[in-house]
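One structure is given here, and the rest of the page talks about it.
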Amino acid sequence: MSLLSRPALLLLPLLGFMVLAYLVPFLGVAAWSVTLPEPGLTQYQTALTDPLVQAVFLRTFRICLIVTAVTICASYMITLLWVRGSRMQRLVIELCILIPFWISVLTRAFGWLALLSNKGILNTWAQNLGFLTEPLTLVRNEFGVVVGMVHFLIPFAAFPLASAMRNVDERVLLAARGMGASRARVFAQVFVPMTAPGILGAALVVFVFALGFFVTPALLGGGRSVMAAELIYLRIFQSPNWGLGAAISVILMIAVGGLLALLMRQARPAGAR
Amino acid sequence: MRKAKAAEIGAEHVGKSFGSFAALTDVSLTIGRGEFLTLLGPSGSGKTTFLMILAGFEAATLGRLTLDGADMTLTPAEARAFGMVFQGYALFPHMTVEENIAFPLKVQRRAASDIKRRVAEMIEMVGLGGHGHKRPSALSGGQQQRVALARALAYDPPVLLLDEPFSALDKNLRGQMQDEVRRLHRDLGTTFVFVTHDQSEALALSSRVAIFDHGKLQQIAPPKEVYERPANRFVAEFLCSINILPLGGISTDAHGSKAQFEGQTLRMAANLGAATPNFALRPEYMTLHTSAPQDGNAVQAALVDLTYLGAESQLSLMTPGGVSLTLSHPTASLPEDLTPGTALWVGWSPERGIFL
């Protein structure tokens, strides 16, 4: 069957839209990176050697790793209840997963700010109740960024995890228990490994999503833990160095693409049954 | 081959309800040490529920269970640790064949050298030499079920429970696996409890068959007995085909009984009770005649359909009174010119048959 058979033709409008809305502008950005302010690869040289840019890349990578690990662990537990809990538990968890989608990321970041800032609800209560004398610094640092990002990303991890968990044959778990394995062993040695492709897929989604985060780190990091996306914004809108901003964008894009390719190749043998 | 420890299981008045639905009602039976018991019944008869209660995956709502005389009603499945083989094999997809078989041994914290030796022994026993490093997905259905058997038997469980293990396999393979299971049972001496809805599988494999219907135990007896002396009409009809004739005008004398069927007098060697108005006879005891036979019992019937099955042919007949009869006949000696509507006689010896 040729690639241009009838069902494939139906996808053409979408393909056209993707080319116009993503590929063409991205190629434009890529062009800036080698032409502004003068033609050449100087901006890439700067991006890869400048200590500030390097620090931002490192921080982005570190925060994304932490966020991915925390998100996957939290989401795994929540999803477990969603898939295997009682009817009531399922309903509550389902609402908790779906409702965040209705609230804009900006609102949620401000929500965390109200909750966690030095004069926020949490610190005020803790001080009024006498648990704290000095407020804890919970936002405008990496901790705040991680909290905000994890909160945003948990529902995105829940879907691939849920589908992996629903694919686990109940009888395999029964068989393991029937052979004398405790519930903890069945979970650790049978259930978790059987959902490994889902964990990998969810981690990939979360990590790639986290790499491009802008609003949450900008608000909850308070300019102190700048991540890659914010750096690009600063280079383009505040210190007009479009070439450097574009070069960082391209590097980020290549990193994401490479990561995707690597992990997809890794995931395939485990996922294929 | 060393003999495994085999356990005796007792069930006393076991019942299971899901809400108002009674899945299992008042089941009492004893499964002997080293016995091969088959739980047979149509789907929804409660046989699988009973197996799940034996395994400990479901809790009985009523009654109690014993293992070698000790109460195990509330013992959780992992503490019972009966071997279990499922229809869908239920192998661990992320482990190799060897790792699958080693799993229960690791649970028991056996020594590594012991595990290695035992795994090799089990792989050899189920004839999977050379497949040890493969994942289950690389094996055929029959091979996967062998792995499941090896895994379930590796740790010498006191009881092996099998839940319709071969129903996903094609007919030839199923026959092979049945032989395999029989051999394993003979060699190991473990108590086997085997659930199936396949009558011939149950008759071929087991030392006793427990027949379930509507959540009730209908009969438990050796295969020959359930086949030849079914306890009730359900058992008689569920196990292969049987012809049932409604009787009237029953009288008993010193030589046996006499009864009326569609105006003919039938004689039976056995005494008929008043409450047994049906006469039942397996098709293999019936003979086909083109005219009324001199000896024994006979009823007239018209041919409805003839099914060619190779060596045997199956005939469907109907008496003038509208009672359907089925009988098997060697194809080679079938009367000629059989067409639907041909009038025939079906005869049998007065010693044969039972009353239901």
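So you can find residues: chains in the structure tokens are A, B, ... in the order shown, residues in each start at 1, and ligands are numbered from 1 in order.
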Closest atom pairs, residues of chain B within 10 Å of chain A, only C-alpha atoms, as a Markdown table:
| residue | atom | partner | partner_atom | distance |
| --- | --- | --- | --- | --- |
| B:Met52 | CA | A:Leu174 | CA | 9.9 |
| B:Ala55 | CA | A:Gly178 | CA | 6.9 |
| B:Gly56 | CA | A:Gly178 | CA | 8.1 |
| B:Phe57 | CA | A:Leu174 | CA | 7.4 |
| B:Pro76 | CA | A:Gly178 | CA | 9.2 |
| B:Ala77 | CA | A:Gly178 | CA | 5.5 |
| B:Glu78 | CA | A:Gly180 | CA | 3.8 |
| B:Ala79 | CA | A:Gly180 | CA | 5.9 |
| B:Arg80 | CA | A:Gly180 | CA | 7.1 |
| B:Ala81 | CA | A:Gly180 | CA | 4.5 |
| B:Phe82 | CA | A:Gly178 | CA | 5.9 |
| B:Gly83 | CA | A:Met179 | CA | 6.0 |
| B:Met84 | CA | A:Ala175 | CA | 6.1 |
| B:Val85 | CA | A:Ala175 | CA | 7.4 |
| B:Phe86 | CA | A:Arg171 | CA | 7.2 |
| B:Gln87 | CA | A:Arg171 | CA | 9.1 |
| B:Gly88 | CA | A:Arg171 | CA | 7.9 |
| B:Tyr89 | CA | A:Val172 | CA | 8.1 |
| B:Ala90 | CA | A:Val172 | CA | 4.3 |
| B:Leu91 | CA | A:Val172 | CA | 6.2 |
| B:Phe92 | CA | A:Val172 | CA | 6.6 |
| B:Pro93 | CA | A:Met194 | CA | 7.1 |
| B:His94 | CA | A:Met194 | CA | 6.4 |
| B:Met95 | CA | A:Val190 | CA | 9.2 |
| B:Asn100 | CA | A:Ala176 | CA | 9.9 |
| B:Phe103 | CA | A:Ala176 | CA | 8.3 |
| B:Pro104 | CA | A:Met179 | CA | 5.5 |
| B:Leu105 | CA | A:Met179 | CA | 8.9 |
| B:Lys106 | CA | A:Ala181 | CA | 9.2 |
| B:Val107 | CA | A:Ala181 | CA | 5.8 |
| B:Gln108 | CA | A:Gly180 | CA | 7.8 |
| B:Arg135 | CA | A:Arg273 | CA | 9.8 |
| B:Pro136 | CA | A:Arg273 | CA | 9.4 |
| B:Ser137 | CA | A:Arg273 | CA | 6.3 |
| B:Ala138 | CA | A:Arg273 | CA | 8.9 |
| B:Ala148 | CA | A:Ala175 | CA | 9.4 |
| B:Arg151 | CA | A:Met179 | CA | 8.9 |
| B:Ala152 | CA | A:Met179 | CA | 7.2 |
| B:Leu153 | CA | A:Met179 | CA | 9.6 |
| B:Ala154 | CA | A:Met179 | CA | 9.9 |
| B:Tyr155 | CA | A:Met179 | CA | 8.4 |
| B:Pro157 | CA | A:Met179 | CA | 8.3 |
| B:Leu161 | CA | A:Gly178 | CA | 9.7 |
Restricted to N, CA and C atoms, what would the selected residues look like written as a short mmCIF file (atom, residue, chain, number, x, y, z; two decimals), in the first residue's frame?
data_model
loop_
_atom_site.label_atom_id
_atom_site.label_comp_id
_atom_site.auth_asym_id
_atom_site.auth_seq_id
_atom_site.Cartn_x
_atom_site.Cartn_y
_atom_site.Cartn_z
N MET B 52 -11.32 -21.02 42.57
CA MET B 52 -10.76 -19.77 43.11
C MET B 52 -10.84 -19.77 44.64
N ALA B 55 -8.05 -21.97 45.80
CA ALA B 55 -6.75 -21.28 45.68
C ALA B 55 -6.59 -20.19 46.73
N GLY B 56 -7.73 -19.66 47.19
CA GLY B 56 -7.68 -18.58 48.17
C GLY B 56 -7.83 -17.21 47.53
N PHE B 57 -8.10 -17.15 46.22
CA PHE B 57 -8.28 -15.87 45.54
C PHE B 57 -9.67 -15.29 45.82
N PRO B 76 -4.68 -16.93 53.55
CA PRO B 76 -4.59 -16.22 52.27
C PRO B 76 -3.88 -17.06 51.20
N ALA B 77 -4.13 -16.69 49.95
CA ALA B 77 -3.62 -17.48 48.82
C ALA B 77 -2.11 -17.68 48.90
N GLU B 78 -1.38 -16.59 49.28
CA GLU B 78 0.08 -16.71 49.25
C GLU B 78 0.59 -17.67 50.34
N ALA B 79 -0.22 -17.85 51.41
CA ALA B 79 0.20 -18.79 52.45
C ALA B 79 -0.17 -20.22 52.06
N ARG B 80 -1.25 -20.38 51.26
CA ARG B 80 -1.58 -21.73 50.79
C ARG B 80 -0.54 -22.19 49.78
N ALA B 81 -0.17 -21.24 48.88
CA ALA B 81 0.86 -21.50 47.86
C ALA B 81 0.61 -22.78 47.07
N PHE B 82 -0.64 -22.95 46.60
CA PHE B 82 -0.93 -24.05 45.69
C PHE B 82 -0.43 -23.64 44.31
N GLY B 83 0.07 -24.59 43.56
CA GLY B 83 0.44 -24.28 42.19
C GLY B 83 -0.80 -23.95 41.38
N MET B 84 -0.66 -23.04 40.43
CA MET B 84 -1.84 -22.61 39.68
C MET B 84 -1.46 -22.48 38.20
N VAL B 85 -2.28 -23.06 37.34
CA VAL B 85 -2.07 -22.93 35.90
C VAL B 85 -3.35 -22.36 35.31
N PHE B 86 -3.21 -21.26 34.56
CA PHE B 86 -4.39 -20.57 34.03
C PHE B 86 -4.55 -20.82 32.54
N GLN B 87 -5.75 -20.52 32.07
CA GLN B 87 -6.06 -20.66 30.64
C GLN B 87 -5.13 -19.81 29.79
N GLY B 88 -4.90 -18.55 30.20
CA GLY B 88 -4.05 -17.64 29.41
C GLY B 88 -2.59 -17.76 29.76
N TYR B 89 -2.18 -18.84 30.37
CA TYR B 89 -0.80 -19.15 30.77
C TYR B 89 -0.31 -18.29 31.93
N ALA B 90 -0.61 -16.98 31.90
CA ALA B 90 -0.24 -16.09 33.00
C ALA B 90 1.24 -16.14 33.33
N LEU B 91 2.07 -16.22 32.28
CA LEU B 91 3.52 -16.18 32.52
C LEU B 91 3.94 -14.74 32.73
N PHE B 92 5.11 -14.55 33.36
CA PHE B 92 5.64 -13.20 33.53
C PHE B 92 6.31 -12.79 32.22
N PRO B 93 5.72 -11.81 31.52
CA PRO B 93 6.24 -11.50 30.18
C PRO B 93 7.64 -10.90 30.19
N HIS B 94 8.02 -10.31 31.34
CA HIS B 94 9.32 -9.64 31.38
C HIS B 94 10.43 -10.57 31.84
N MET B 95 10.10 -11.84 32.05
CA MET B 95 11.14 -12.78 32.49
C MET B 95 11.31 -13.88 31.45
N ASN B 100 11.01 -17.36 34.93
CA ASN B 100 9.64 -17.68 35.30
C ASN B 100 9.60 -18.87 36.25
N PHE B 103 10.98 -18.19 39.73
CA PHE B 103 10.27 -17.23 40.59
C PHE B 103 9.75 -17.84 41.89
N PRO B 104 8.95 -18.92 41.83
CA PRO B 104 8.44 -19.47 43.10
C PRO B 104 9.56 -19.99 44.00
N LEU B 105 10.66 -20.43 43.39
CA LEU B 105 11.78 -20.95 44.20
C LEU B 105 12.47 -19.80 44.92
N LYS B 106 12.56 -18.64 44.23
CA LYS B 106 13.14 -17.47 44.88
C LYS B 106 12.24 -16.99 46.01
N VAL B 107 10.92 -17.08 45.79
CA VAL B 107 9.98 -16.71 46.85
C VAL B 107 10.25 -17.55 48.09
N GLN B 108 10.57 -18.81 47.88
CA GLN B 108 10.85 -19.70 49.01
C GLN B 108 12.27 -19.56 49.54
N ARG B 135 12.03 -15.45 25.99
CA ARG B 135 10.88 -14.82 26.65
C ARG B 135 9.62 -15.60 26.26
N PRO B 136 8.59 -15.59 27.12
CA PRO B 136 7.36 -16.32 26.78
C PRO B 136 6.79 -15.93 25.42
N SER B 137 6.94 -14.63 25.04
CA SER B 137 6.35 -14.20 23.78
C SER B 137 6.99 -14.87 22.57
N ALA B 138 8.17 -15.47 22.76
CA ALA B 138 8.83 -16.14 21.64
C ALA B 138 8.41 -17.61 21.52
N ALA B 148 4.20 -22.80 32.06
CA ALA B 148 3.30 -22.54 33.19
C ALA B 148 3.22 -23.77 34.09
N ARG B 151 6.51 -24.06 35.99
CA ARG B 151 6.60 -23.03 37.03
C ARG B 151 5.74 -23.42 38.24
N ALA B 152 4.54 -23.93 37.94
CA ALA B 152 3.61 -24.26 39.03
C ALA B 152 4.06 -25.49 39.81
N LEU B 153 4.85 -26.36 39.16
CA LEU B 153 5.25 -27.60 39.84
C LEU B 153 6.64 -27.53 40.42
N ALA B 154 7.39 -26.45 40.06
CA ALA B 154 8.81 -26.38 40.43
C ALA B 154 9.03 -26.48 41.93
N TYR B 155 8.13 -25.88 42.71
CA TYR B 155 8.38 -25.81 44.15
C TYR B 155 7.62 -26.87 44.93
N PRO B 157 4.40 -27.93 45.08
CA PRO B 157 3.23 -27.49 45.84
C PRO B 157 2.42 -28.70 46.27
N LEU B 161 -3.58 -26.55 40.97
CA LEU B 161 -4.90 -26.16 40.47
C LEU B 161 -4.75 -25.73 39.02
#
All residues 10 Å or closer to Thr46 of chain A, only C-alpha atoms, same chain fewer than 6 positions away omitted, as an MDAnalysis selection string: chainID A and resid 52:54 244 247:248
Dump as a JSON list (two decimals), in the first residue's frame, selection limited to N, CA and C atoms:
[["chain", "number", "residue", "atom", "x", "y", "z"],
["A", 52, "LEU", "N", 27.13, 31.37, 31.54],
["A", 52, "LEU", "CA", 25.74, 31.62, 31.93],
["A", 52, "LEU", "C", 24.80, 30.65, 31.21],
["A", 53, "VAL", "N", 24.97, 30.54, 29.89],
["A", 53, "VAL", "CA", 24.11, 29.66, 29.11],
["A", 53, "VAL", "C", 24.30, 28.21, 29.56],
["A", 54, "GLN", "N", 25.56, 27.84, 29.79],
["A", 54, "GLN", "CA", 25.83, 26.48, 30.26],
["A", 54, "GLN", "C", 25.14, 26.21, 31.58],
["A", 244, "LEU", "N", 21.40, 34.60, 19.45],
["A", 244, "LEU", "CA", 21.71, 33.69, 20.55],
["A", 244, "LEU", "C", 20.46, 32.94, 21.01],
["A", 247, "ALA", "N", 19.78, 30.27, 18.57],
["A", 247, "ALA", "CA", 20.73, 29.16, 18.67],
["A", 247, "ALA", "C", 20.37, 28.27, 19.86],
["A", 248, "ILE", "N", 20.01, 28.88, 20.99],
["A", 248, "ILE", "CA", 19.61, 28.08, 22.16],
["A", 248, "ILE", "C", 18.37, 27.25, 21.83]]
Backbone DSSP call of strand (DSSP E) for segment 195-325 of chain B, listed as a PyMOL selection string: chain B and resi 195-196+208-213+216-221+243-246+248-253+256-261+264-268+278-281+287-289+297-309+312-318+324-325
Point-to-point distance from atom CA of Thr307 of chain B to atom CA of Thr331 of chain B, Å rounded to tenths: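 Atom-to-atom, atom CA of Thr307 of chain B to atom CA of Thr331 of chain B, that is 9.9 Å.
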Interatomic distance, atom CA of Gln89 of chain A to atom CA of Ser163 of chain A (Å, one decimal): 17.6 Å
Selected residue, from A:Ser117, A:Thr68, A:Thr49, A:Ser249, that lies nearest to Asn141 of chain A when counting only C-alpha atoms: A:Ser117
Glu180 of chain B environment, 12 Å, only C-alpha atoms, sequence neighbours closer than 3 positions dropped, as a ChimeraX atom specification: /B:125-127,142-143,145-146,149-150,166,173-177,183-188,205
Selection file, N, CA and C atoms, as an mmCIF file, in the first residue's frame:
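Ended up saving to result-v9.cif:
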data_model
loop_
_atom_site.group_PDB
_atom_site.id
_atom_site.type_symbol
_atom_site.label_atom_id
_atom_site.label_comp_id
_atom_site.auth_asym_id
_atom_site.auth_seq_id
_atom_site.Cartn_x
_atom_site.Cartn_y
_atom_site.Cartn_z
ATOM 1 N N MET B 125 11.898 -31.742 32.252
ATOM 2 C CA MET B 125 10.701 -32.535 32.513
ATOM 3 C C MET B 125 9.558 -32.186 31.564
ATOM 4 N N VAL B 126 9.426 -30.895 31.215
ATOM 5 C CA VAL B 126 8.336 -30.524 30.314
ATOM 6 C C VAL B 126 8.823 -30.429 28.865
ATOM 7 N N GLY B 127 10.039 -30.903 28.627
ATOM 8 C CA GLY B 127 10.528 -30.995 27.251
ATOM 9 C C GLY B 127 10.797 -29.666 26.582
ATOM 10 N N GLY B 142 1.405 -23.943 23.132
ATOM 11 C CA GLY B 142 1.652 -25.198 23.838
ATOM 12 C C GLY B 142 2.905 -25.111 24.695
ATOM 13 N N GLN B 143 3.945 -24.475 24.132
ATOM 14 C CA GLN B 143 5.192 -24.315 24.895
ATOM 15 C C GLN B 143 4.988 -23.422 26.105
ATOM 16 N N GLN B 145 2.280 -23.062 27.778
ATOM 17 C CA GLN B 145 1.542 -23.775 28.811
ATOM 18 C C GLN B 145 2.455 -24.776 29.524
ATOM 19 N N ARG B 146 3.447 -25.315 28.799
ATOM 20 C CA ARG B 146 4.426 -26.179 29.453
ATOM 21 C C ARG B 146 5.241 -25.397 30.472
ATOM 22 N N LEU B 149 3.171 -24.948 33.482
ATOM 23 C CA LEU B 149 3.132 -26.186 34.271
ATOM 24 C C LEU B 149 4.427 -26.356 35.067
ATOM 25 N N ALA B 150 5.552 -26.123 34.399
ATOM 26 C CA ALA B 150 6.850 -26.278 35.062
ATOM 27 C C ALA B 150 6.965 -25.301 36.223
ATOM 28 N N PHE B 166 -6.165 -25.837 28.846
ATOM 29 C CA PHE B 166 -5.912 -26.172 27.444
ATOM 30 C C PHE B 166 -6.992 -25.667 26.503
ATOM 31 N N LEU B 173 -2.980 -30.436 19.794
ATOM 32 C CA LEU B 173 -2.090 -29.979 20.852
ATOM 33 C C LEU B 173 -2.707 -30.252 22.218
ATOM 34 N N ARG B 174 -4.034 -30.080 22.294
ATOM 35 C CA ARG B 174 -4.725 -30.315 23.551
ATOM 36 C C ARG B 174 -4.536 -31.776 23.977
ATOM 37 N N GLY B 175 -4.654 -32.692 22.998
ATOM 38 C CA GLY B 175 -4.458 -34.111 23.296
ATOM 39 C C GLY B 175 -3.062 -34.368 23.847
ATOM 40 N N GLN B 176 -2.057 -33.762 23.208
ATOM 41 C CA GLN B 176 -0.673 -33.918 23.683
ATOM 42 C C GLN B 176 -0.509 -33.410 25.107
ATOM 43 N N MET B 177 -1.083 -32.232 25.357
ATOM 44 C CA MET B 177 -0.926 -31.622 26.677
ATOM 45 C C MET B 177 -1.646 -32.453 27.741
ATOM 46 N N ARG B 183 0.904 -37.690 32.638
ATOM 47 C CA ARG B 183 2.221 -38.248 32.965
ATOM 48 C C ARG B 183 2.798 -37.530 34.183
ATOM 49 N N LEU B 184 2.685 -36.174 34.193
ATOM 50 C CA LEU B 184 3.207 -35.407 35.331
ATOM 51 C C LEU B 184 2.517 -35.835 36.617
ATOM 52 N N HIS B 185 1.206 -36.031 36.533
ATOM 53 C CA HIS B 185 0.467 -36.430 37.723
ATOM 54 C C HIS B 185 0.942 -37.790 38.211
ATOM 55 N N ARG B 186 1.141 -38.704 37.266
ATOM 56 C CA ARG B 186 1.576 -40.055 37.627
ATOM 57 C C ARG B 186 2.968 -39.998 38.254
ATOM 58 N N ASP B 187 3.859 -39.221 37.634
ATOM 59 C CA ASP B 187 5.245 -39.170 38.117
ATOM 60 C C ASP B 187 5.367 -38.455 39.449
ATOM 61 N N LEU B 188 4.606 -37.373 39.630
ATOM 62 C CA LEU B 188 4.808 -36.526 40.805
ATOM 63 C C LEU B 188 3.920 -36.930 41.976
ATOM 64 N N LEU B 205 -8.963 -37.701 31.791
ATOM 65 C CA LEU B 205 -7.860 -37.347 32.669
ATOM 66 C C LEU B 205 -8.017 -37.836 34.097
#
Å distance separating atom CA of Ala311 of chain B from atom CA of Thr339 of chain B, one decimal place: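 Taking atom CA of Ala311 of chain B as the start and atom CA of Thr339 of chain B as the end point, the length is 19.1 Å.
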